[in-house]
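Below is the file data.cif, which contains mmCIF, C-alpha atoms and all ligand atoms.
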```
data_upload
#
loop_
_atom_site.group_PDB
_atom_site.id
_atom_site.type_symbol
_atom_site.label_atom_id
_atom_site.label_comp_id
_atom_site.auth_asym_id
_atom_site.auth_seq_id
_atom_site.Cartn_x
_atom_site.Cartn_y
_atom_site.Cartn_z
ATOM 1 C CA MET A 1246 45.966 -4.836 -17.146
ATOM 2 C CA PRO A 1247 43.744 -4.010 -14.088
ATOM 3 C CA GLU A 1248 44.929 -1.005 -12.077
ATOM 4 C CA LYS A 1249 45.638 -3.098 -8.925
ATOM 5 C CA ALA A 1250 47.840 -5.542 -10.829
ATOM 6 C CA LEU A 1251 49.763 -2.617 -12.409
ATOM 7 C CA LEU A 1252 50.394 -1.032 -9.001
ATOM 8 C CA LEU A 1253 51.644 -4.362 -7.639
ATOM 9 C CA ARG A 1254 53.959 -4.857 -10.598
ATOM 10 C CA ASN A 1255 55.592 -1.433 -10.269
ATOM 11 C CA ASN A 1256 55.857 -1.597 -6.460
ATOM 12 C CA PRO A 1257 59.552 -2.195 -5.565
ATOM 13 C CA PHE A 1258 58.537 -3.659 -2.174
ATOM 14 C CA VAL A 1259 56.459 -6.451 -3.731
ATOM 15 C CA GLY A 1260 58.182 -9.387 -5.422
ATOM 16 C CA PRO A 1261 61.761 -9.511 -6.731
ATOM 17 C CA GLY A 1262 61.219 -6.821 -9.423
ATOM 18 C CA PRO A 1263 63.666 -6.324 -12.343
ATOM 19 C CA LYS A 1264 67.288 -7.215 -11.507
ATOM 20 C CA ARG A 1265 69.609 -4.213 -11.238
ATOM 21 C CA PRO A 1266 73.342 -4.692 -11.837
ATOM 22 C CA ALA A 1267 75.482 -4.340 -8.710
ATOM 23 C CA ASP A 1268 77.854 -1.325 -8.510
ATOM 24 C CA GLY A 1269 80.903 -3.556 -9.111
ATOM 25 C CA GLN A 1270 79.316 -5.025 -12.240
ATOM 26 C CA LYS A 1271 78.476 -1.514 -13.458
ATOM 27 C CA SER A 1272 82.063 -0.301 -13.130
ATOM 28 C CA VAL A 1273 83.442 -3.405 -14.890
ATOM 29 C CA LYS A 1274 80.977 -2.732 -17.735
ATOM 30 C CA ALA A 1275 82.006 0.936 -17.807
ATOM 31 C CA ILE A 1276 85.701 -0.038 -18.041
ATOM 32 C CA ILE A 1277 84.973 -2.542 -20.850
ATOM 33 C CA SER A 1278 82.935 -0.042 -22.861
ATOM 34 C CA PHE A 1279 85.646 2.620 -22.321
ATOM 35 C CA TYR A 1280 88.273 0.148 -23.586
ATOM 36 C CA LYS A 1281 86.053 -0.719 -26.575
ATOM 37 C CA SER A 1282 85.850 2.932 -27.639
ATOM 38 C CA SER A 1283 88.531 4.408 -29.882
ATOM 39 C CA ILE A 1284 89.365 7.208 -27.431
ATOM 40 C CA GLY A 1285 89.545 4.714 -24.531
ATOM 41 C CA LYS A 1286 92.140 2.674 -26.405
ATOM 42 C CA LYS A 1287 94.107 5.822 -27.194
ATOM 43 C CA TRP A 1288 94.208 6.596 -23.470
ATOM 44 C CA ILE A 1289 95.478 3.113 -22.649
ATOM 45 C CA VAL A 1290 98.160 3.350 -25.379
ATOM 46 C CA ALA A 1291 99.159 6.815 -24.095
ATOM 47 C CA LEU A 1292 99.360 5.843 -20.401
ATOM 48 C CA THR A 1293 101.270 2.582 -21.004
ATOM 49 C CA GLY A 1294 103.534 4.525 -23.410
ATOM 50 C CA LEU A 1295 104.214 7.065 -20.653
ATOM 51 C CA VAL A 1296 105.284 4.269 -18.261
ATOM 52 C CA LEU A 1297 107.604 2.872 -20.964
ATOM 53 C CA VAL A 1298 109.103 6.322 -21.683
ATOM 54 C CA GLY A 1299 109.755 6.640 -17.935
ATOM 55 C CA PHE A 1300 111.583 3.299 -17.969
ATOM 56 C CA VAL A 1301 113.592 4.171 -21.104
ATOM 57 C CA THR A 1302 114.702 7.485 -19.531
ATOM 58 C CA GLY A 1303 115.618 5.891 -16.180
ATOM 59 C CA HIS A 1304 117.452 3.009 -17.887
ATOM 60 C CA MET A 1305 119.456 5.483 -19.973
ATOM 61 C CA ILE A 1306 120.524 7.480 -16.900
ATOM 62 C CA GLY A 1307 121.495 4.212 -15.162
ATOM 63 C CA ASN A 1308 123.523 3.030 -18.177
ATOM 64 C CA LEU A 1309 125.378 6.342 -18.530
ATOM 65 C CA GLN A 1310 127.145 5.419 -15.276
ATOM 66 C CA LEU A 1311 129.360 3.324 -17.547
ATOM 67 C CA PHE A 1312 131.328 6.541 -18.116
ATOM 68 C CA LEU A 1313 132.001 6.744 -14.344
ATOM 69 C CA GLY A 1314 133.909 3.443 -14.338
ATOM 70 C CA TYR A 1315 133.280 -0.165 -13.341
ATOM 71 C CA GLU A 1316 132.556 0.578 -9.672
ATOM 72 C CA ALA A 1317 129.595 2.887 -10.372
ATOM 73 C CA LEU A 1318 127.942 0.670 -13.008
ATOM 74 C CA ASN A 1319 128.508 -2.641 -11.204
ATOM 75 C CA LYS A 1320 127.279 -1.175 -7.908
ATOM 76 C CA TYR A 1321 124.120 0.045 -9.650
ATOM 77 C CA ALA A 1322 123.567 -3.374 -11.341
ATOM 78 C CA ALA A 1323 124.111 -5.150 -7.993
ATOM 79 C CA PHE A 1324 121.595 -2.798 -6.351
ATOM 80 C CA LEU A 1325 118.972 -3.700 -8.995
ATOM 81 C CA GLN A 1326 119.659 -7.434 -8.624
ATOM 82 C CA GLY A 1327 119.445 -7.020 -4.830
ATOM 83 C CA LEU A 1328 115.842 -5.800 -5.111
ATOM 84 C CA GLY A 1329 114.841 -9.485 -5.357
ATOM 85 C CA GLU A 1330 111.047 -9.897 -5.481
ATOM 86 C CA LEU A 1331 110.486 -6.175 -6.035
ATOM 87 C CA LEU A 1332 112.586 -6.393 -9.209
ATOM 88 C CA TRP A 1333 110.282 -9.151 -10.485
ATOM 89 C CA ILE A 1334 107.203 -7.062 -9.645
ATOM 90 C CA ILE A 1335 108.691 -4.112 -11.592
ATOM 91 C CA ARG A 1336 109.644 -6.411 -14.508
ATOM 92 C CA GLY A 1337 106.113 -7.892 -14.504
ATOM 93 C CA PHE A 1338 104.497 -4.434 -14.456
ATOM 94 C CA LEU A 1339 106.711 -3.203 -17.337
ATOM 95 C CA GLY A 1340 106.042 -6.421 -19.291
ATOM 96 C CA VAL A 1341 102.267 -6.012 -18.854
ATOM 97 C CA CYS A 1342 102.498 -2.340 -19.928
ATOM 98 C CA LEU A 1343 104.472 -3.330 -23.046
ATOM 99 C CA ILE A 1344 102.023 -6.108 -24.012
ATOM 100 C CA VAL A 1345 98.945 -3.932 -23.365
ATOM 101 C CA HIS A 1346 100.599 -1.097 -25.357
ATOM 102 C CA ILE A 1347 101.209 -3.394 -28.368
ATOM 103 C CA VAL A 1348 97.880 -5.297 -28.263
ATOM 104 C CA THR A 1349 95.832 -2.101 -27.822
ATOM 105 C CA THR A 1350 97.703 -0.402 -30.678
ATOM 106 C CA ALA A 1351 96.901 -3.385 -32.928
ATOM 107 C CA LEU A 1352 93.202 -3.313 -31.900
ATOM 108 C CA LEU A 1353 93.060 0.446 -32.459
ATOM 109 C CA TRP A 1354 94.605 0.077 -35.893
ATOM 110 C CA ILE A 1355 91.988 -2.581 -36.831
ATOM 111 C CA GLN A 1356 89.162 -0.434 -35.393
ATOM 112 C CA ASN A 1357 90.353 2.719 -37.202
ATOM 113 C CA ASN A 1358 90.614 0.883 -40.492
ATOM 114 C CA ALA A 1359 87.120 -0.553 -40.106
ATOM 115 C CA ALA A 1360 85.349 2.743 -39.374
ATOM 116 C CA THR A 1361 85.818 6.509 -39.626
ATOM 117 C CA PRO A 1362 88.221 7.136 -36.767
ATOM 118 C CA GLN A 1363 87.433 9.418 -33.852
ATOM 119 C CA LYS A 1364 90.923 10.899 -33.729
ATOM 120 C CA TYR A 1365 92.135 12.780 -30.646
ATOM 121 C CA ALA A 1366 90.534 14.548 -27.682
ATOM 122 C CA VAL A 1367 91.911 17.785 -29.110
ATOM 123 C CA ASN A 1368 91.631 17.857 -32.853
ATOM 124 C CA ASN A 1369 94.826 19.208 -34.316
ATOM 125 C CA PRO A 1370 95.083 18.159 -37.935
ATOM 126 C CA GLN A 1371 98.711 18.205 -39.046
ATOM 127 C CA ALA A 1372 100.670 16.789 -41.918
ATOM 128 C CA ALA A 1373 101.812 13.269 -41.026
ATOM 129 C CA THR A 1374 105.551 13.141 -40.364
ATOM 130 C CA ILE A 1375 107.714 10.124 -41.273
ATOM 131 C CA ALA A 1376 107.701 9.219 -37.569
ATOM 132 C CA ALA A 1377 103.873 9.193 -37.568
ATOM 133 C CA LYS A 1378 103.612 7.122 -40.742
ATOM 134 C CA THR A 1379 106.039 4.491 -39.530
ATOM 135 C CA MET A 1380 104.756 4.038 -35.964
ATOM 136 C CA ILE A 1381 103.786 0.365 -36.426
ATOM 137 C CA VAL A 1382 106.959 -0.619 -38.337
ATOM 138 C CA SER A 1383 109.275 1.278 -35.950
ATOM 139 C CA GLY A 1384 107.393 -0.213 -32.971
ATOM 140 C CA LEU A 1385 107.799 -3.776 -34.303
ATOM 141 C CA ILE A 1386 111.531 -3.343 -35.014
ATOM 142 C CA VAL A 1387 111.972 -1.896 -31.512
ATOM 143 C CA VAL A 1388 110.341 -5.063 -30.102
ATOM 144 C CA CYS A 1389 112.859 -7.201 -32.120
ATOM 145 C CA PHE A 1390 115.656 -4.993 -30.795
ATOM 146 C CA LEU A 1391 114.373 -5.487 -27.242
ATOM 147 C CA VAL A 1392 114.275 -9.293 -27.625
ATOM 148 C CA PHE A 1393 117.865 -9.235 -28.960
ATOM 149 C CA HIS A 1394 118.934 -6.885 -26.147
ATOM 150 C CA LEU A 1395 117.449 -9.105 -23.416
ATOM 151 C CA LEU A 1396 119.192 -12.175 -24.879
ATOM 152 C CA HIS A 1397 122.442 -10.187 -25.253
ATOM 153 C CA PHE A 1398 122.793 -8.425 -21.887
ATOM 154 C CA THR A 1399 120.228 -9.930 -19.495
ATOM 155 C CA ALA A 1400 120.109 -13.662 -20.358
ATOM 156 C CA LEU A 1401 123.731 -13.555 -21.705
ATOM 157 C CA TYR A 1402 122.541 -16.132 -24.220
ATOM 158 C CA PHE A 1403 125.362 -15.515 -26.753
ATOM 159 C CA HIS A 1404 128.159 -15.522 -24.127
ATOM 160 C CA PRO A 1405 127.173 -17.681 -21.124
ATOM 161 C CA ASP A 1406 130.740 -17.307 -19.768
ATOM 162 C CA TRP A 1407 130.009 -13.604 -19.056
ATOM 163 C CA LYS A 1408 127.761 -14.792 -16.202
ATOM 164 C CA LEU A 1409 130.919 -15.697 -14.259
ATOM 165 C CA TRP A 1410 132.708 -12.369 -14.758
ATOM 166 C CA GLU A 1411 133.277 -10.574 -11.458
ATOM 167 C CA ASP A 1412 134.992 -7.290 -10.602
ATOM 168 C CA PRO A 1413 137.629 -6.969 -7.817
ATOM 169 C CA ASP A 1414 134.767 -6.315 -5.315
ATOM 170 C CA GLY A 1415 133.088 -9.632 -6.190
ATOM 171 C CA ARG A 1416 130.173 -8.022 -8.056
ATOM 172 C CA HIS A 1417 128.894 -9.219 -11.426
ATOM 173 C CA ASP A 1418 131.045 -7.331 -13.959
ATOM 174 C CA VAL A 1419 128.295 -5.754 -16.055
ATOM 175 C CA TYR A 1420 130.752 -2.952 -16.974
ATOM 176 C CA SER A 1421 133.121 -5.283 -18.849
ATOM 177 C CA LEU A 1422 130.367 -7.260 -20.540
ATOM 178 C CA VAL A 1423 128.719 -4.101 -21.915
ATOM 179 C CA ILE A 1424 132.069 -2.807 -23.249
ATOM 180 C CA THR A 1425 132.980 -6.197 -24.733
ATOM 181 C CA GLY A 1426 129.470 -6.564 -26.214
ATOM 182 C CA PHE A 1427 129.761 -3.242 -28.025
ATOM 183 C CA ARG A 1428 133.190 -4.097 -29.460
ATOM 184 C CA ASP A 1429 131.297 -6.159 -32.013
ATOM 185 C CA PRO A 1430 130.492 -3.609 -34.772
ATOM 186 C CA LEU A 1431 127.511 -5.680 -35.970
ATOM 187 C CA ALA A 1432 125.932 -5.686 -32.516
ATOM 188 C CA SER A 1433 126.659 -1.965 -32.061
ATOM 189 C CA GLY A 1434 125.221 -1.215 -35.524
ATOM 190 C CA PHE A 1435 122.016 -3.076 -34.687
ATOM 191 C CA TYR A 1436 121.768 -1.154 -31.394
ATOM 192 C CA LEU A 1437 122.155 2.169 -33.209
ATOM 193 C CA LEU A 1438 119.415 1.220 -35.687
ATOM 194 C CA GLY A 1439 117.107 0.021 -32.876
ATOM 195 C CA LEU A 1440 117.781 3.176 -30.854
ATOM 196 C CA PHE A 1441 117.152 5.445 -33.830
ATOM 197 C CA LEU A 1442 113.791 3.774 -34.527
ATOM 198 C CA LEU A 1443 112.916 3.806 -30.829
ATOM 199 C CA CYS A 1444 113.518 7.559 -30.732
ATOM 200 C CA MET A 1445 111.483 8.179 -33.907
ATOM 201 C CA HIS A 1446 108.709 6.177 -32.267
ATOM 202 C CA LEU A 1447 109.028 8.236 -29.068
ATOM 203 C CA SER A 1448 109.078 11.538 -30.926
ATOM 204 C CA HIS A 1449 105.666 10.931 -32.472
ATOM 205 C CA GLY A 1450 104.427 9.020 -29.400
ATOM 206 C CA ILE A 1451 104.928 12.032 -27.116
ATOM 207 C CA GLN A 1452 102.981 14.263 -29.545
ATOM 208 C CA SER A 1453 100.096 11.765 -29.766
ATOM 209 C CA PHE A 1454 100.093 11.479 -25.995
ATOM 210 C CA ILE A 1455 99.600 15.249 -25.629
ATOM 211 C CA GLN A 1456 96.688 15.215 -28.079
ATOM 212 C CA THR A 1457 95.070 12.053 -26.721
ATOM 213 C CA LEU A 1458 95.017 13.299 -23.161
ATOM 214 C CA GLY A 1459 93.439 16.469 -24.474
ATOM 215 C CA VAL A 1460 95.975 19.002 -23.228
ATOM 216 C CA ARG A 1461 93.888 21.943 -24.348
ATOM 217 C CA SER A 1462 96.048 24.750 -23.033
ATOM 218 C CA ARG A 1463 98.031 25.959 -26.046
ATOM 219 C CA LYS A 1464 100.627 27.313 -23.609
ATOM 220 C CA ILE A 1465 101.457 23.750 -22.490
ATOM 221 C CA ALA A 1466 100.587 21.703 -25.578
ATOM 222 C CA GLN A 1467 102.531 23.772 -28.103
ATOM 223 C CA PRO A 1468 105.938 23.846 -26.368
ATOM 224 C CA LEU A 1469 105.622 20.146 -25.432
ATOM 225 C CA THR A 1470 104.823 19.213 -29.042
ATOM 226 C CA THR A 1471 107.747 21.311 -30.297
ATOM 227 C CA ALA A 1472 110.061 19.810 -27.665
ATOM 228 C CA SER A 1473 109.153 16.153 -28.310
ATOM 229 C CA PRO A 1474 111.614 15.526 -31.207
ATOM 230 C CA TYR A 1475 114.371 17.191 -29.141
ATOM 231 C CA LEU A 1476 113.536 15.042 -26.090
ATOM 232 C CA ALA A 1477 113.605 11.933 -28.279
ATOM 233 C CA GLY A 1478 116.897 13.164 -29.811
ATOM 234 C CA LEU A 1479 118.410 13.546 -26.325
ATOM 235 C CA ILE A 1480 117.394 9.985 -25.444
ATOM 236 C CA PHE A 1481 118.984 8.792 -28.699
ATOM 237 C CA LEU A 1482 122.236 10.646 -27.982
ATOM 238 C CA GLY A 1483 122.331 9.397 -24.371
ATOM 239 C CA TYR A 1484 122.028 5.760 -25.438
ATOM 240 C CA ALA A 1485 123.998 5.936 -28.703
ATOM 241 C CA ALA A 1486 126.972 7.523 -26.911
ATOM 242 C CA ILE A 1487 127.590 4.151 -25.201
ATOM 243 C CA PRO A 1488 128.229 1.829 -28.208
ATOM 244 C CA VAL A 1489 129.981 4.633 -30.122
ATOM 245 C CA ALA A 1490 132.313 5.407 -27.183
ATOM 246 C CA CYS A 1491 133.062 1.694 -26.645
ATOM 247 C CA LEU A 1492 134.051 1.265 -30.308
ATOM 248 C CA LEU A 1493 136.166 4.459 -30.264
ATOM 249 C CA ALA A 1494 137.892 3.445 -27.005
ATOM 250 C CA GLN A 1495 138.820 0.110 -28.556
ATOM 251 C CA HIS A 1496 140.057 1.455 -31.899
ATOM 252 C CA LEU A 1497 141.869 4.525 -30.522
ATOM 253 C CA ASN A 1498 143.141 2.517 -27.546
ATOM 254 C CA LEU A 1499 141.870 5.166 -25.112
ATOM 255 C CA PRO A 1500 142.639 4.798 -21.396
ATOM 256 C CA ILE A 1501 138.880 4.704 -20.568
ATOM 257 C CA LEU A 1502 136.161 2.093 -21.320
ATOM 258 C CA GLN A 1503 138.517 -0.880 -21.311
ATOM 259 C CA PRO A 1504 137.129 -4.169 -19.950
ATOM 260 C CA LEU A 1505 138.705 -5.646 -16.805
ATOM 261 C CA ALA A 1506 140.895 -8.709 -17.341
ATOM 262 C CA HIS A 1507 139.001 -12.038 -16.995
HETATM 263 C C1 LIG A 1601 123.172 1.585 -25.232
HETATM 264 C C2 LIG A 1601 122.005 1.119 -24.920
HETATM 265 C C3 LIG A 1601 121.719 0.158 -23.786
HETATM 266 C C4 LIG A 1601 122.572 -0.421 -22.869
HETATM 267 C C5 LIG A 1601 124.071 -0.245 -22.717
HETATM 268 C C6 LIG A 1601 121.761 -1.272 -22.021
HETATM 269 C C7 LIG A 1601 122.245 -2.039 -20.984
HETATM 270 C C8 LIG A 1601 121.527 -3.005 -20.319
HETATM 271 C C9 LIG A 1601 122.079 -3.968 -19.401
HETATM 272 C C10 LIG A 1601 123.554 -4.066 -19.014
HETATM 273 C C11 LIG A 1601 121.069 -4.733 -18.956
HETATM 274 C C12 LIG A 1601 121.152 -5.910 -17.976
HETATM 275 C C13 LIG A 1601 121.137 -5.421 -16.555
HETATM 276 C C14 LIG A 1601 121.409 -6.562 -15.603
HETATM 277 O O1 LIG A 1601 120.950 -7.679 -15.860
HETATM 278 O O2 LIG A 1601 122.047 -6.293 -14.587
HETATM 279 C C15 LIG A 1601 119.860 -4.267 -19.582
HETATM 280 C C16 LIG A 1601 118.605 -4.766 -19.354
HETATM 281 C C17 LIG A 1601 117.466 -4.291 -19.950
HETATM 282 N N1 LIG A 1601 117.367 -3.301 -20.901
HETATM 283 FE FE1 LIG A 1601 118.907 -2.241 -21.644
HETATM 284 N N2 LIG A 1601 120.454 -1.169 -22.413
HETATM 285 C C18 LIG A 1601 120.390 -0.311 -23.492
HETATM 286 C C19 LIG A 1601 119.256 0.067 -24.194
HETATM 287 C C20 LIG A 1601 117.978 -0.334 -23.870
HETATM 288 C C21 LIG A 1601 116.786 0.152 -24.494
HETATM 289 C C22 LIG A 1601 116.744 1.220 -25.577
HETATM 290 C C23 LIG A 1601 115.726 -0.490 -23.911
HETATM 291 C C24 LIG A 1601 114.259 -0.351 -24.172
HETATM 292 C C25 LIG A 1601 113.713 -0.215 -25.327
HETATM 293 C C26 LIG A 1601 116.266 -1.392 -22.920
HETATM 294 C C27 LIG A 1601 115.524 -2.235 -22.136
HETATM 295 C C28 LIG A 1601 116.049 -3.119 -21.222
HETATM 296 C C29 LIG A 1601 115.249 -4.042 -20.436
HETATM 297 C C30 LIG A 1601 113.718 -4.171 -20.477
HETATM 298 C C31 LIG A 1601 116.129 -4.768 -19.627
HETATM 299 C C32 LIG A 1601 115.795 -5.855 -18.621
HETATM 300 C C33 LIG A 1601 115.774 -5.254 -17.265
HETATM 301 C C34 LIG A 1601 115.727 -6.323 -16.212
HETATM 302 O O3 LIG A 1601 115.726 -7.490 -16.528
HETATM 303 O O4 LIG A 1601 115.703 -5.961 -15.052
HETATM 304 N N3 LIG A 1601 117.630 -1.269 -22.921
HETATM 305 N N4 LIG A 1601 120.161 -3.203 -20.411
#
```
For this file, write the structure as structure tokens.
Ligand code: HEM
Amino acid sequence: MPEKALLLRNNPFVGPGPKRPADGQKSVKAIISFYKSSIGKKWIVALTGLVLVGFVTGHMIGNLQLFLGYEALNKYAAFLQGLGELLWIIRGFLGVCLIVHIVTTALLWIQNNAATPQKYAVNNPQAATIAAKTMIVSGLIVVCFLVFHLLHFTALYFHPDWKLWEDPDGRHDVYSLVITGFRDPLASGFYLLGLFLLCMHLSHGIQSFIQTLGVRSRKIAQPLTTASPYLAGLIFLGYAAIPVACLLAQHLNLPILQPLAH
């Protein structure tokens, strides 16, 4: 090519020149290629998992108000219902986190089976625990538990009459419906199984989270890894105390945890 033509071709001020992607396009591409990578997916699973752990912890603390009596629990439930649109935004956000968590885990599993996996940001080979080996199965049973739970206590699908239960202050009587719900040993048994699997899932999930995010400081990573089964155990005890106490209160005819008359 003659020298003049070459100069013209490479001159950015002459003609349209090669198209460069806009900054916005570049960042979308960067996000997609991050998501496509194994480590990117692990980050997404870890961050959505963290949001879900936050919800599970907050929900447990809220539910433990059952032990304070009907006023505390029903007031709390009425406060949540009173959030209106904000409640739907929170529900939507949690729903998206749950779906992204599940879909990304499935994609990661397919990707890891297809190629040699690039494991964690900090490589810490350790013998796989039962919790680690059963992550997918425990996760799927937890999803079934969640569907049952939403039908049981949120949609009140099995007992539509519970929708009309009110306490003496005119609030929805969530207190009595929880106690009555757990008086069914089958339902309580299924909750205990679901909660146990959820906590096994959390125990390994917290450890993976620490490795994925590359917590390199041994001073932080080690105690957190050691603490994760205990944290998961605490969450199990906090939740499991509710159905167990409701069954005991019924069978021992204790003066606490009795539903209001309806
Ligand atoms: C003993 C264990 C549990 C009890 C007593 C309990 C109690 C409740 C109650 C009463 C509601 C309905 C609140 C209302 O509509 O006012 C509810 C909703 C819900 N629960 Fe649980 N729960 C338990 C365990 C769990 C666990 C382990 C999870 C998560 C894996 C969970 C996730 C949810 C979700 C996502 C909702 C829907 C929240 C909403 O619609 O705003 N629950 N729970």
For this session: Just the residues within 10 Å of Val1298 (chain A), please, counting only C-alpha atoms, with nothing from its chain fewer than 6 positions along; format it as a ChimeraX atom specification.
Result: /A:1292,1304,1447,1450-1451,1477,1480
Exercise. Leu1499 (chain A): which residues within 10 Å, counting all atoms listed in the file, same-chain residues fewer than 6 positions away excluded, as a ChimeraX atom specification?
Worked result: /A:1490-1491,1493
Problem set entry | Shell of 6 Å around ligand LIG 1601 (chain A) (only C-alpha atoms and all ligand atoms), written as a list in words | Val1301, Asn1308, Ala1322, Leu1391, Leu1395, Phe1398, Thr1399, Val1419, Val1423, Leu1440, Tyr1484, Ala1485, Ile1487 and Pro1488 of chain A
Problem set entry | Distance of CA of Lys1281 (chain A) from CA of Val1387 (chain A), expressed in Å to one decimal place | 26.4 Å
Exercise. Do you have the CA of Pro1474 (chain A)-CA of Ser1448 (chain A) distance handy?
Worked result: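 Going from CA of Pro1474 (chain A) over to CA of Ser1448 (chain A) covers 4.7 Å.
Picture a line from CA of His1417 (chain A) to CA of Asn1319 (chain A); it runs 6.6 Å.
Checking A:Leu1332, A:Leu1409, A:Ala1486, A:Lys1464 one by one against Leu1311 (chain A), counting only C-alpha atoms, you find the shortest gap at A:Ala1486.
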